[in-house]
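Engineer: protein-v3.csv (CSV, C-alpha atoms) pasted underneath:
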```csv
chain,number,residue,atom,x,y,z
J,1,MET,CA,32.1,6.2,30.3
J,2,SER,CA,31.3,9.3,32.4
J,3,ASN,CA,32.5,12.7,31.3
J,4,SER,CA,34.6,12.9,34.5
J,5,LYS,CA,36.3,9.6,33.8
J,6,LEU,CA,36.9,10.5,30.2
J,7,ILE,CA,38.4,13.8,31.1
J,8,HIS,CA,40.8,12.3,33.7
J,9,ASP,CA,41.7,9.4,31.4
J,10,THR,CA,42.5,11.8,28.5
J,11,PHE,CA,44.5,14.1,30.7
J,12,GLU,CA,46.6,11.3,32.1
J,13,LYS,CA,47.1,9.6,28.7
J,14,GLY,CA,48.4,12.9,27.2
J,15,LYS,CA,50.6,13.5,30.3
J,16,GLY,CA,48.9,16.8,31.1
J,17,ILE,CA,48.5,17.9,27.5
J,18,LEU,CA,45.1,17.9,25.7
J,19,ARG,CA,44.6,18.0,21.9
J,20,LEU,CA,41.9,20.4,20.8
J,21,ILE,CA,39.4,20.1,17.9
J,22,PRO,CA,39.4,22.9,15.3
J,23,VAL,CA,36.8,25.6,15.6
J,24,PHE,CA,35.7,27.6,12.6
J,25,VAL,CA,32.9,30.1,13.1
J,26,PRO,CA,31.2,32.7,10.8
J,27,ARG,CA,30.6,36.4,11.2
J,28,ARG,CA,27.7,38.4,9.7
J,29,PHE,CA,29.9,41.3,8.4
J,30,ALA,CA,32.9,41.9,6.2
J,31,GLN,CA,34.5,39.5,3.7
J,32,ALA,CA,36.5,36.4,4.5
J,33,GLY,CA,40.3,36.6,3.7
J,34,GLN,CA,40.5,32.8,3.1
J,35,ARG,CA,43.8,32.3,4.8
J,36,LEU,CA,42.5,30.1,7.6
J,37,ARG,CA,43.4,26.9,5.7
J,38,LEU,CA,39.8,26.0,5.4
J,39,HIS,CA,38.6,24.3,2.1
J,40,PRO,CA,37.3,27.0,-0.3
J,41,ASP,CA,33.9,25.2,-0.5
J,42,ASP,CA,33.4,25.5,3.2
J,43,TYR,CA,33.4,29.2,3.9
J,44,TYR,CA,29.6,29.2,4.0
J,45,ALA,CA,29.4,25.8,5.7
J,46,LEU,CA,26.6,27.0,8.1
J,47,GLY,CA,24.6,28.7,5.3
J,48,THR,CA,24.6,32.2,3.8
J,49,ASN,CA,22.4,33.6,6.5
J,50,ARG,CA,25.2,33.1,9.0
J,51,GLY,CA,27.8,34.8,6.8
J,52,SER,CA,31.2,33.5,5.7
J,53,ILE,CA,33.7,32.0,8.1
J,54,LYS,CA,36.2,34.5,9.5
J,55,ALA,CA,36.8,33.5,13.1
J,56,MET,CA,33.9,34.5,15.4
J,57,ASN,CA,30.3,33.7,16.3
J,58,GLY,CA,27.1,35.6,15.5
J,59,PRO,CA,23.5,36.2,16.5
J,60,LEU,CA,22.2,32.8,15.1
J,61,ALA,CA,24.9,30.8,16.8
J,62,PRO,CA,24.2,27.9,19.1
J,63,ALA,CA,25.2,28.3,22.8
J,64,ASP,CA,28.6,26.5,22.4
J,65,GLU,CA,29.7,28.0,19.1
J,66,GLY,CA,33.3,29.0,19.3
J,67,MET,CA,33.9,26.9,22.4
J,68,SER,CA,37.0,24.7,22.4
J,69,TYR,CA,36.5,20.9,22.6
J,70,VAL,CA,39.1,18.3,23.5
J,71,ALA,CA,39.7,15.3,21.3
J,72,ALA,CA,39.7,12.2,23.5
J,73,SER,CA,40.5,10.0,20.4
J,74,ASP,CA,40.6,10.4,16.6
J,75,LYS,CA,36.8,10.1,16.5
J,76,LEU,CA,35.1,13.5,16.4
J,77,THR,CA,32.3,12.3,18.6
J,78,ASP,CA,34.7,11.3,21.3
J,79,LYS,CA,35.1,14.7,22.9
J,80,PHE,CA,34.4,17.0,25.9
J,81,SER,CA,34.6,20.8,26.2
J,82,LEU,CA,37.8,22.5,27.4
J,83,LYS,CA,35.5,24.4,29.8
J,84,ASP,CA,34.4,21.1,31.4
J,85,ALA,CA,38.0,19.9,31.6
J,86,VAL,CA,39.0,23.1,33.5
J,87,GLU,CA,36.1,22.8,35.8
J,88,GLU,CA,36.8,19.1,36.5
J,89,LEU,CA,40.6,19.3,36.8
J,90,GLY,CA,40.9,22.7,38.4
J,91,GLU,CA,44.4,23.7,39.5
J,92,ALA,CA,45.7,20.4,38.1
J,93,ILE,CA,45.4,22.0,34.6
J,94,ILE,CA,45.5,25.8,35.0
J,95,GLY,CA,47.6,25.9,38.2
J,96,PRO,CA,46.7,27.2,41.7
J,97,GLU,CA,47.2,30.9,41.0
J,98,LEU,CA,44.7,31.2,38.1
J,99,LYS,CA,42.2,28.9,39.9
J,100,ARG,CA,42.4,31.0,43.0
J,101,LYS,CA,42.1,34.3,41.3
J,102,TYR,CA,39.7,33.6,38.4
J,103,GLY,CA,38.3,30.2,39.0
J,104,THR,CA,38.8,29.3,35.4
J,105,TRP,CA,41.1,29.9,32.3
J,106,PRO,CA,40.6,33.6,31.9
J,107,MET,CA,41.6,34.2,28.3
J,108,TYR,CA,41.7,32.7,24.8
J,109,SER,CA,43.2,33.3,21.4
J,110,LYS,CA,41.7,33.3,17.9
J,111,PHE,CA,42.6,34.1,14.3
J,112,PHE,CA,40.5,36.7,12.6
J,113,ASP,CA,40.8,36.7,8.8
J,114,TYR,CA,39.2,39.5,6.8
J,115,GLU,CA,39.8,40.5,3.2
J,116,THR,CA,38.6,44.0,4.0
J,117,PRO,CA,39.4,46.2,7.1
J,118,LEU,CA,37.2,46.1,10.2
J,119,PHE,CA,35.2,49.1,11.4
J,120,HIS,CA,36.6,51.6,13.9
J,121,HIS,CA,35.4,50.3,17.3
J,122,LEU,CA,36.4,50.0,20.9
J,123,HIS,CA,36.0,47.4,23.6
J,124,LEU,CA,34.6,48.2,27.0
J,125,ASP,CA,36.6,48.4,30.2
J,126,GLU,CA,35.6,46.4,33.3
J,127,MET,CA,33.4,49.0,34.8
J,128,ALA,CA,31.4,49.8,31.6
J,129,ALA,CA,31.1,46.1,30.7
J,130,GLY,CA,29.9,45.3,34.3
J,131,ARG,CA,26.9,47.6,33.8
J,132,VAL,CA,25.5,45.2,31.1
J,133,GLY,CA,26.6,42.0,32.9
J,134,ARG,CA,29.8,41.5,31.0
J,135,ILE,CA,33.5,41.8,31.6
J,136,GLY,CA,36.0,44.1,29.9
J,137,LYS,CA,38.1,43.1,26.9
J,138,PRO,CA,41.8,43.9,26.6
J,139,GLU,CA,43.3,42.3,23.5
J,140,ALA,CA,46.5,42.0,21.5
J,141,TYR,CA,47.5,41.3,17.9
J,142,TYR,CA,50.3,39.5,16.1
J,143,PHE,CA,50.7,39.1,12.4
J,144,PRO,CA,52.2,35.7,11.7
J,145,PRO,CA,54.1,35.4,8.4
J,146,PRO,CA,53.3,31.7,7.7
J,147,LEU,CA,49.5,32.6,7.6
J,148,ASN,CA,49.8,35.8,5.5
J,149,ASN,CA,50.4,34.8,1.9
J,150,HIS,CA,48.5,37.9,0.8
J,151,PRO,CA,47.7,41.2,2.6
J,152,GLY,CA,44.0,41.6,1.8
J,153,LYS,CA,42.7,44.9,0.5
J,154,PHE,CA,43.8,47.3,3.3
J,155,PRO,CA,46.7,46.2,5.5
J,156,VAL,CA,46.7,49.3,7.6
J,157,THR,CA,45.3,49.7,11.1
J,158,TYR,CA,43.8,52.8,12.6
J,159,PHE,CA,44.3,53.4,16.4
J,160,GLY,CA,42.6,56.1,18.4
J,161,TYR,CA,42.3,59.7,17.2
J,162,ASP,CA,44.8,62.2,16.0
J,163,PRO,CA,46.2,64.1,19.0
J,164,ASP,CA,44.8,67.3,17.5
J,165,THR,CA,41.3,65.9,17.3
J,166,THR,CA,38.8,67.3,19.8
J,167,ILE,CA,36.3,65.4,21.6
J,168,ASP,CA,33.6,67.6,20.1
J,169,GLN,CA,34.6,66.5,16.6
J,170,VAL,CA,34.2,62.9,17.6
J,171,ARG,CA,30.8,63.6,19.2
J,172,GLU,CA,29.6,65.3,16.0
J,173,ARG,CA,30.5,62.3,13.9
J,174,LEU,CA,28.7,59.9,16.3
J,175,LEU,CA,25.6,62.1,16.3
J,176,ASN,CA,25.5,61.7,12.5
J,177,TYR,CA,25.6,57.9,12.8
J,178,GLU,CA,22.1,57.5,11.2
J,179,LYS,CA,22.3,60.4,8.8
J,180,GLY,CA,25.0,59.2,6.4
J,181,ASP,CA,28.6,58.0,6.2
J,182,ASN,CA,30.3,59.5,9.2
J,183,ARG,CA,33.8,58.9,7.8
J,184,ILE,CA,35.1,58.9,11.3
J,185,THR,CA,38.5,57.5,10.5
J,186,GLU,CA,39.3,60.9,9.0
J,187,LEU,CA,39.9,61.9,12.6
J,188,SER,CA,42.2,58.9,13.3
J,189,ARG,CA,45.7,57.9,12.5
J,190,ALA,CA,46.9,54.7,10.8
J,191,TYR,CA,49.9,52.4,10.8
J,192,ARG,CA,50.9,50.0,8.0
J,193,ILE,CA,51.0,46.5,9.4
J,194,GLU,CA,54.4,44.9,9.8
J,195,LEU,CA,54.4,41.1,9.6
J,196,GLY,CA,56.2,39.4,12.6
J,197,THR,CA,55.2,42.2,14.9
J,198,GLY,CA,52.1,43.1,17.0
J,199,TRP,CA,50.2,45.6,19.2
J,200,TYR,CA,48.5,45.7,22.5
J,201,THR,CA,45.0,47.4,22.5
J,202,PRO,CA,43.7,48.5,25.9
J,203,PRO,CA,39.9,48.7,26.5
J,204,GLY,CA,38.5,52.1,25.6
J,205,VAL,CA,40.8,52.6,22.6
J,206,VAL,CA,39.1,52.9,19.2
J,207,HIS,CA,40.7,50.8,16.5
J,208,ALA,CA,40.0,49.6,13.0
J,209,PRO,CA,42.1,46.5,12.3
J,210,GLY,CA,43.6,46.1,8.8
J,211,SER,CA,43.3,43.2,6.5
J,212,TYR,CA,46.1,40.8,7.3
J,213,LEU,CA,45.2,37.6,9.1
J,214,THR,CA,45.7,38.3,12.8
J,215,TYR,CA,46.5,36.1,15.8
J,216,GLU,CA,44.6,37.7,18.7
J,217,PRO,CA,45.2,36.7,22.4
J,218,GLN,CA,42.4,38.3,24.4
J,219,TRP,CA,40.5,38.3,27.6
J,220,ASN,CA,37.4,36.1,27.9
J,221,SER,CA,34.9,38.7,26.5
J,222,ASP,CA,33.6,40.4,23.4
J,223,VAL,CA,32.0,43.8,24.2
J,224,ASN,CA,32.1,46.5,21.5
J,225,SER,CA,31.0,50.0,20.6
J,226,VAL,CA,31.4,50.6,16.8
J,227,HIS,CA,32.1,54.2,16.0
J,228,GLU,CA,32.3,53.8,12.2
J,229,ASN,CA,29.0,53.3,10.4
J,230,VAL,CA,30.2,52.6,6.8
J,231,THR,CA,33.3,50.5,6.1
J,232,SER,CA,34.3,49.3,2.7
J,233,GLY,CA,30.8,50.1,1.5
J,234,GLU,CA,29.1,48.0,4.2
J,235,VAL,CA,26.6,49.9,6.3
J,236,TYR,CA,26.3,49.1,10.0
J,237,PRO,CA,23.1,49.9,12.0
J,238,TYR,CA,23.0,52.2,15.1
J,239,ASP,CA,22.8,49.1,17.3
J,240,PHE,CA,26.4,48.4,16.6
J,241,LEU,CA,27.3,51.6,18.4
J,242,VAL,CA,25.1,51.0,21.5
J,243,GLU,CA,24.6,47.2,21.8
J,244,ASN,CA,26.5,47.1,25.0
J,245,CYS,CA,24.9,50.1,26.6
J,246,PRO,CA,22.1,49.9,29.2
J,247,GLU,CA,18.7,50.4,27.6
J,248,ASP,CA,18.3,53.9,29.1
J,249,LYS,CA,21.7,55.0,27.8
J,250,LYS,CA,21.4,54.1,24.1
J,251,ARG,CA,20.5,57.6,23.1
J,252,ASP,CA,22.7,59.3,25.6
J,253,ILE,CA,25.7,60.6,23.6
J,254,GLY,CA,27.5,61.5,26.8
J,255,TYR,CA,27.4,58.0,28.0
J,256,ILE,CA,28.4,56.6,24.6
J,257,MET,CA,31.4,58.9,24.6
J,258,SER,CA,32.3,57.9,28.1
J,259,LEU,CA,33.2,54.4,26.9
J,260,MET,CA,36.3,55.8,25.4
J,261,ASP,CA,39.6,56.3,27.3
J,262,TRP,CA,40.1,59.7,25.8
J,263,ASP,CA,43.7,60.2,27.0
J,264,LYS,CA,44.8,56.9,25.5
J,265,ASN,CA,43.0,57.6,22.2
J,266,ILE,CA,44.9,60.9,21.6
J,267,ASP,CA,48.2,59.9,23.1
J,268,PRO,CA,50.9,61.4,20.9
J,269,HIS,CA,53.2,58.5,21.8
J,270,TYR,CA,50.7,55.7,21.1
J,271,LYS,CA,53.0,53.6,19.0
J,272,LYS,CA,55.8,53.9,21.5
J,273,LYS,CA,53.5,52.5,24.3
J,274,TYR,CA,51.5,49.9,22.5
J,275,PHE,CA,53.4,48.6,19.5
J,276,ARG,CA,55.0,45.2,20.2
J,277,ALA,CA,58.2,44.2,18.5
J,278,PRO,CA,59.2,40.6,19.2
J,279,VAL,CA,61.5,40.1,22.2
J,280,LEU,CA,63.9,37.1,21.8
J,281,CYS,CA,64.0,34.8,24.9
J,282,GLY,CA,67.4,34.2,26.4
J,283,HIS,CA,67.2,30.4,26.1
J,284,SER,CA,67.0,30.5,22.3
J,285,ASP,CA,69.9,28.6,20.6
J,286,GLU,CA,70.8,27.0,17.3
J,287,GLN,CA,68.1,24.3,17.7
J,288,HIS,CA,65.2,26.6,18.4
J,289,SER,CA,64.2,30.2,19.1
J,290,GLU,CA,61.4,31.7,21.2
J,291,LYS,CA,60.1,35.2,21.1
J,292,TRP,CA,57.6,37.1,23.2
J,293,ILE,CA,55.0,38.6,20.9
J,294,THR,CA,52.4,39.8,23.4
J,295,TYR,CA,53.7,41.2,26.6
J,296,ALA,CA,53.8,44.3,28.9
J,297,ASN,CA,50.2,44.2,30.1
J,298,GLU,CA,48.3,42.9,33.1
J,299,TYR,CA,46.1,40.3,31.3
J,300,ILE,CA,47.6,38.2,28.4
J,301,GLY,CA,50.9,37.0,27.0
J,302,ALA,CA,52.0,35.1,23.9
J,303,LYS,CA,55.1,33.6,22.4
J,304,GLU,CA,56.2,32.4,19.0
J,305,LEU,CA,58.3,29.2,19.2
J,306,THR,CA,60.4,28.1,16.2
J,307,VAL,CA,62.1,24.6,16.1
J,308,MET,CA,64.7,24.1,13.4
J,309,PRO,CA,64.5,21.2,10.9
J,310,GLY,CA,65.4,17.8,12.3
J,311,GLN,CA,65.7,19.1,15.9
J,312,THR,CA,64.2,17.9,19.2
J,313,VAL,CA,64.0,20.3,22.1
J,314,VAL,CA,62.4,20.4,25.6
J,315,VAL,CA,60.6,23.6,26.1
J,316,LYS,CA,59.7,24.7,29.6
J,317,ASP,CA,57.2,27.4,30.8
J,318,ALA,CA,56.2,28.5,34.2
J,319,ALA,CA,52.4,28.7,33.4
J,320,ALA,CA,49.7,26.8,31.5
J,321,TYR,CA,49.1,27.7,27.9
J,322,GLY,CA,47.2,27.0,24.8
J,323,CYS,CA,49.0,26.7,21.5
J,324,ILE,CA,48.6,26.1,17.7
J,325,MET,CA,51.1,24.9,15.2
J,326,ILE,CA,51.1,27.0,12.1
J,327,GLN,CA,54.0,25.5,10.2
J,328,GLY,CA,55.8,22.1,10.1
J,329,HIS,CA,55.1,18.6,11.5
J,330,GLY,CA,56.5,16.2,14.0
J,331,ARG,CA,55.8,15.4,17.7
J,332,PHE,CA,54.4,17.6,20.5
J,333,GLY,CA,54.6,15.8,23.8
J,334,GLU,CA,52.8,12.5,23.4
J,335,TYR,CA,51.1,13.5,20.1
J,336,ASP,CA,51.9,13.3,16.4
J,337,ALA,CA,51.5,17.0,15.4
J,338,GLU,CA,51.2,18.9,12.1
J,339,ALA,CA,50.1,22.3,10.9
J,340,ALA,CA,46.9,22.2,9.0
J,341,ILE,CA,47.2,22.7,5.2
J,342,MET,CA,43.5,22.5,4.1
J,343,LEU,CA,40.8,21.3,6.4
J,344,ARG,CA,37.1,20.6,5.6
J,345,PHE,CA,34.6,22.1,8.0
J,346,GLY,CA,34.2,19.6,10.9
J,347,GLN,CA,37.4,17.7,10.2
J,348,MET,CA,39.9,16.7,12.9
J,349,SER,CA,43.3,18.2,13.0
J,350,ALA,CA,46.6,17.7,14.9
J,351,ASP,CA,47.7,21.4,15.4
J,352,GLU,CA,46.2,22.7,18.5
J,353,TYR,CA,46.9,21.8,22.2
J,354,PHE,CA,46.4,22.9,25.8
J,355,VAL,CA,49.3,22.4,28.1
J,356,SER,CA,48.7,22.1,31.9
J,357,GLU,CA,50.9,24.1,34.3
J,358,ALA,CA,52.6,21.0,35.6
J,359,ALA,CA,53.4,19.7,32.1
J,360,ALA,CA,54.6,23.2,31.0
J,361,LYS,CA,57.0,23.4,34.0
J,362,GLU,CA,58.3,19.9,33.5
J,363,GLY,CA,58.9,20.7,29.8
J,364,VAL,CA,57.3,19.6,26.6
J,365,THR,CA,59.4,17.5,24.2
J,366,ILE,CA,58.9,18.8,20.7
J,367,THR,CA,60.4,17.2,17.5
J,368,ASN,CA,60.5,18.8,14.1
J,369,ARG,CA,60.5,15.9,11.6
J,370,SER,CA,60.9,18.1,8.5
J,371,LEU,CA,64.2,18.0,6.6
J,372,HIS,CA,63.9,21.6,5.5
J,373,GLU,CA,61.1,23.6,7.1
J,374,PRO,CA,61.0,25.1,10.5
J,375,MET,CA,58.2,24.2,12.9
J,376,VAL,CA,56.4,27.3,14.2
J,377,ILE,CA,54.0,27.3,17.2
J,378,LEU,CA,52.1,30.2,18.7
J,379,LYS,CA,51.5,30.0,22.5
J,380,HIS,CA,49.1,32.1,24.5
J,381,PHE,CA,49.2,32.6,28.3
J,382,GLY,CA,47.1,34.1,31.0
J,383,PRO,CA,48.5,36.9,33.2
J,384,ASN,CA,50.7,34.7,35.4
J,385,HIS,CA,53.8,33.9,33.4
J,386,PRO,CA,56.7,35.2,35.5
J,387,ASP,CA,59.0,35.7,32.5
J,388,MET,CA,56.7,37.9,30.5
J,389,PRO,CA,58.5,41.3,29.8
J,390,GLN,CA,56.8,44.1,31.7
J,391,ASP,CA,58.3,47.0,29.8
J,392,VAL,CA,58.4,47.9,26.1
```
Starting from the coordinates I provided, produce the structure as structure tokens.

Structural biologist:
Amino acid sequence: MSNSKLIHDTFEKGKGILRLIPVFVPRRFAQAGQRLRLHPDDYYALGTNRGSIKAMNGPLAPADEGMSYVAASDKLTDKFSLKDAVEELGEAIIGPELKRKYGTWPMYSKFFDYETPLFHHLHLDEMAAGRVGRIGKPEAYYFPPPLNNHPGKFPVTYFGYDPDTTIDQVRERLLNYEKGDNRITELSRAYRIELGTGWYTPPGVVHAPGSYLTYEPQWNSDVNSVHENVTSGEVYPYDFLVENCPEDKKRDIGYIMSLMDWDKNIDPHYKKKYFRAPVLCGHSDEQHSEKWITYANEYIGAKELTVMPGQTVVVKDAAAYGCIMIQGHGRFGEYDAEAAIMLRFGQMSADEYFVSEAAAKEGVTITNRSLHEPMVILKHFGPNHPDMPQDV
């Protein structure tokens, strides 16, 4: 069977909904938090030289590592990439607006799961990323209670720099990157993480995420500049600071500093602008509730859907979305669905789906078959959901 026919047949069989295969990938830094519902023996499934599995890819990764694949059946070999499906189906899956504006599905979501905090770093904006052939990276965070049975070692996130910090103080710490611990978070400000809430992080804002497992809807990019050279005793080389700078700018401290959006970094009302408390949707009722958890930005949106025990609901959205079930079991459209409890690396699951725009508008029938537990689903959208709140 040709890939084209397999894609169309799977799409039609699922009535516009595709089931995705789990993706676990390692990272070469920090410690795994072990809340991803992966078997304890499999955190080094790709070997110790790749690091433990925490959510993301690394320098030894194959070209398709981290890419989503669609399950055409219950056989792991019977698959095709979500990228190929979007290219083949076009606006039939992502809708005419996203197809016209971006030509593809422009965002994705992941979980990152660290026992220790991450380094203080920023993501490049569109202009700076374009100079190295990349695209900018806005991102958002949400801290889902069902996946956070422990807080890790430091459940506190730094954002930007204290409003009284001067740009010369930051420059001095970066100039000391190779001399010793620059302790740059001494110049920052931190917030204790609140489960069931989130943040939006614009490009150019330096941040050091805390150690709760985090759901991260983000733009299709990963471009960093790491300001902190020692985190939890782990030393990071100078290349982490400049890996996304043009070759002739890697020793140009002025250029490196220009990657920051300074005004946002020292905004005295940072939390007021970028903290995201959940916003209850008006269609919530005694059978189900839905909350916006990522909103008020130009790029990405996300919702948390909860279906009460024993209930069947039809949930409509005006845009395509990806989703993952993190608690409960039952039916999701044409599929038997269940949150993962403990998966082996490479094992199939029944918790992750991509819903076409047409299927989302028609409404997805969802049944919670549990007698006692709620079903919880996280849903991520591109920038075109008309109901996404635009104000905080």

Engineer: Got a sec: who's within 12 Å of His329 in chain J, counting all atoms listed in the file, leaving out chain neighbours fewer than 5 positions off, as a count of residues only?

Structural biologist: 30

Engineer: In the coordinates of the file, take the point (35.7, 67.2, 17.8) and a cut-off of 12 Å; then, counting all atoms listed in the file, name each qualifying protein, DNA or RNA residue as a PDB file with C-alpha atoms, keeping the file's coordinate frame.

Structural biologist:
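Final output, saved to point36.pdb:
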```
ATOM      1  CA  TYR J 161      42.300  59.700  17.200  1.00  0.00           C
ATOM      2  CA  ASP J 162      44.800  62.200  16.000  1.00  0.00           C
ATOM      3  CA  PRO J 163      46.200  64.100  19.000  1.00  0.00           C
ATOM      4  CA  ASP J 164      44.800  67.300  17.500  1.00  0.00           C
ATOM      5  CA  THR J 165      41.300  65.900  17.300  1.00  0.00           C
ATOM      6  CA  THR J 166      38.800  67.300  19.800  1.00  0.00           C
ATOM      7  CA  ILE J 167      36.300  65.400  21.600  1.00  0.00           C
ATOM      8  CA  ASP J 168      33.600  67.600  20.100  1.00  0.00           C
ATOM      9  CA  GLN J 169      34.600  66.500  16.600  1.00  0.00           C
ATOM     10  CA  VAL J 170      34.200  62.900  17.600  1.00  0.00           C
ATOM     11  CA  ARG J 171      30.800  63.600  19.200  1.00  0.00           C
ATOM     12  CA  GLU J 172      29.600  65.300  16.000  1.00  0.00           C
ATOM     13  CA  ARG J 173      30.500  62.300  13.900  1.00  0.00           C
ATOM     14  CA  LEU J 174      28.700  59.900  16.300  1.00  0.00           C
ATOM     15  CA  LEU J 175      25.600  62.100  16.300  1.00  0.00           C
ATOM     16  CA  ILE J 184      35.100  58.900  11.300  1.00  0.00           C
ATOM     17  CA  GLU J 186      39.300  60.900   9.000  1.00  0.00           C
ATOM     18  CA  LEU J 187      39.900  61.900  12.600  1.00  0.00           C
ATOM     19  CA  SER J 188      42.200  58.900  13.300  1.00  0.00           C
ATOM     20  CA  MET J 257      31.400  58.900  24.600  1.00  0.00           C
ATOM     21  CA  TRP J 262      40.100  59.700  25.800  1.00  0.00           C
ATOM     22  CA  ILE J 266      44.900  60.900  21.600  1.00  0.00           C
TER      23      ILE J 266
END
```

Engineer: What does the distance from CA of Lys153 in chain J to CA of Glu194 in chain J come to in Å, to one decimal?

Structural biologist: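 So the two atoms, CA of Lys153 in chain J and CA of Glu194 in chain J, lie 14.9 Å apart.
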
Engineer: Taking into account only C-alpha atoms, which residue in the set J:Ala128, J:Ala30, J:Leu82, J:Cys281 is nearest to Tyr255 in chain J?

Structural biologist: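 Closest to Tyr255 in chain J of all the choices is J:Ala128.
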
Engineer: Please provide as a PDB file with C-alpha atoms, in the frame of the given file all residues within 8 Å of Asn244 in chain J, with the sequence filter that same-chain residues fewer than 6 positions apart are discarded (counting all atoms listed in the file).

Structural biologist:
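Produced file around_1.pdb, reproduced below:
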```
ATOM      1  CA  ALA J 129      31.100  46.100  30.700  1.00  0.00           C
ATOM      2  CA  VAL J 132      25.500  45.200  31.100  1.00  0.00           C
ATOM      3  CA  VAL J 223      32.000  43.800  24.200  1.00  0.00           C
ATOM      4  CA  ASN J 224      32.100  46.500  21.500  1.00  0.00           C
ATOM      5  CA  SER J 225      31.000  50.000  20.600  1.00  0.00           C
TER       6      SER J 225
END
```

Engineer: Of the candidates J:Arg189, J:Lys15, J:Arg50, J:His385, which one gets nearest to Phe29 in chain J if we count all atoms listed in the file?

Structural biologist: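 Among J:Arg189, J:Lys15, J:Arg50, J:His385, it is J:Arg50 that comes nearest to Phe29 in chain J.
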
Engineer: Give me, as a VMD selection string, all polymer residues having an atom no more than 9 Å from Pro237 in chain J, counting only C-alpha atoms and skipping those fewer than 6 positions away in the same chain.

Structural biologist: chain J and resid 177 to 178 229

Engineer: CA of Lys75 in chain J to CA of Ile7 in chain J: how many Å, to one decimal?

Structural biologist: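 Between CA of Lys75 in chain J and CA of Ile7 in chain J the gap works out to 15.1 Å.
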
Engineer: For Glu298 in chain J, which residue among J:Leu76, J:Ala71, J:Ala140, J:Ala360 is the nearest when counting all atoms listed in the file?

Structural biologist: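 When distances to Glu298 in chain J are compared using all atoms listed in the file, the smallest one comes from J:Ala140.
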
Engineer: So, counting only C-alpha atoms, which residue among J:Lys264, J:Lys110, J:Lys379, J:Lys273 is closest to Val315 in chain J?

Structural biologist: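 Ranking J:Lys264, J:Lys110, J:Lys379, J:Lys273 by distance to Val315 in chain J, first place goes to J:Lys379.
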
Engineer: Could you tell me how far CA of Met325 in chain J sits from CA of Glu97 in chain J, in Å to one decimal place?

Structural biologist: 26.8 Å

Engineer: Tell me which of J:Val314, J:Ala32, J:Ala72, J:Val86 sits closest to Asp113 in chain J, counting only C-alpha atoms.

Structural biologist: J:Ala32

Engineer: Hey, which of J:Gln390, J:Val279, J:Gln347, J:His269 ends up closest to Ala296 in chain J? Count all atoms listed in the file.

Structural biologist: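 Closest residue, counting all atoms listed in the file: J:Gln390.
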
Engineer: Contacts of range 208-213 of chain J at 10 Å or less, counting only C-alpha atoms, minus same-chain residues fewer than 2 places along, as a VMD selection string?

Structural biologist: chain J and resid 31 to 36 54 111 to 122 141 to 145 147 to 160 185 188 190 to 195 206 215 to 216 226 to 228 231

Engineer: Excluding Ser221 in chain J and residues on its chain fewer than 5 positions from it, collect all residues at most 7 Å away from it, counting only C-alpha atoms, and give them as JSON, numbers by chain.

Structural biologist: {"J": [135, 136, 137]}
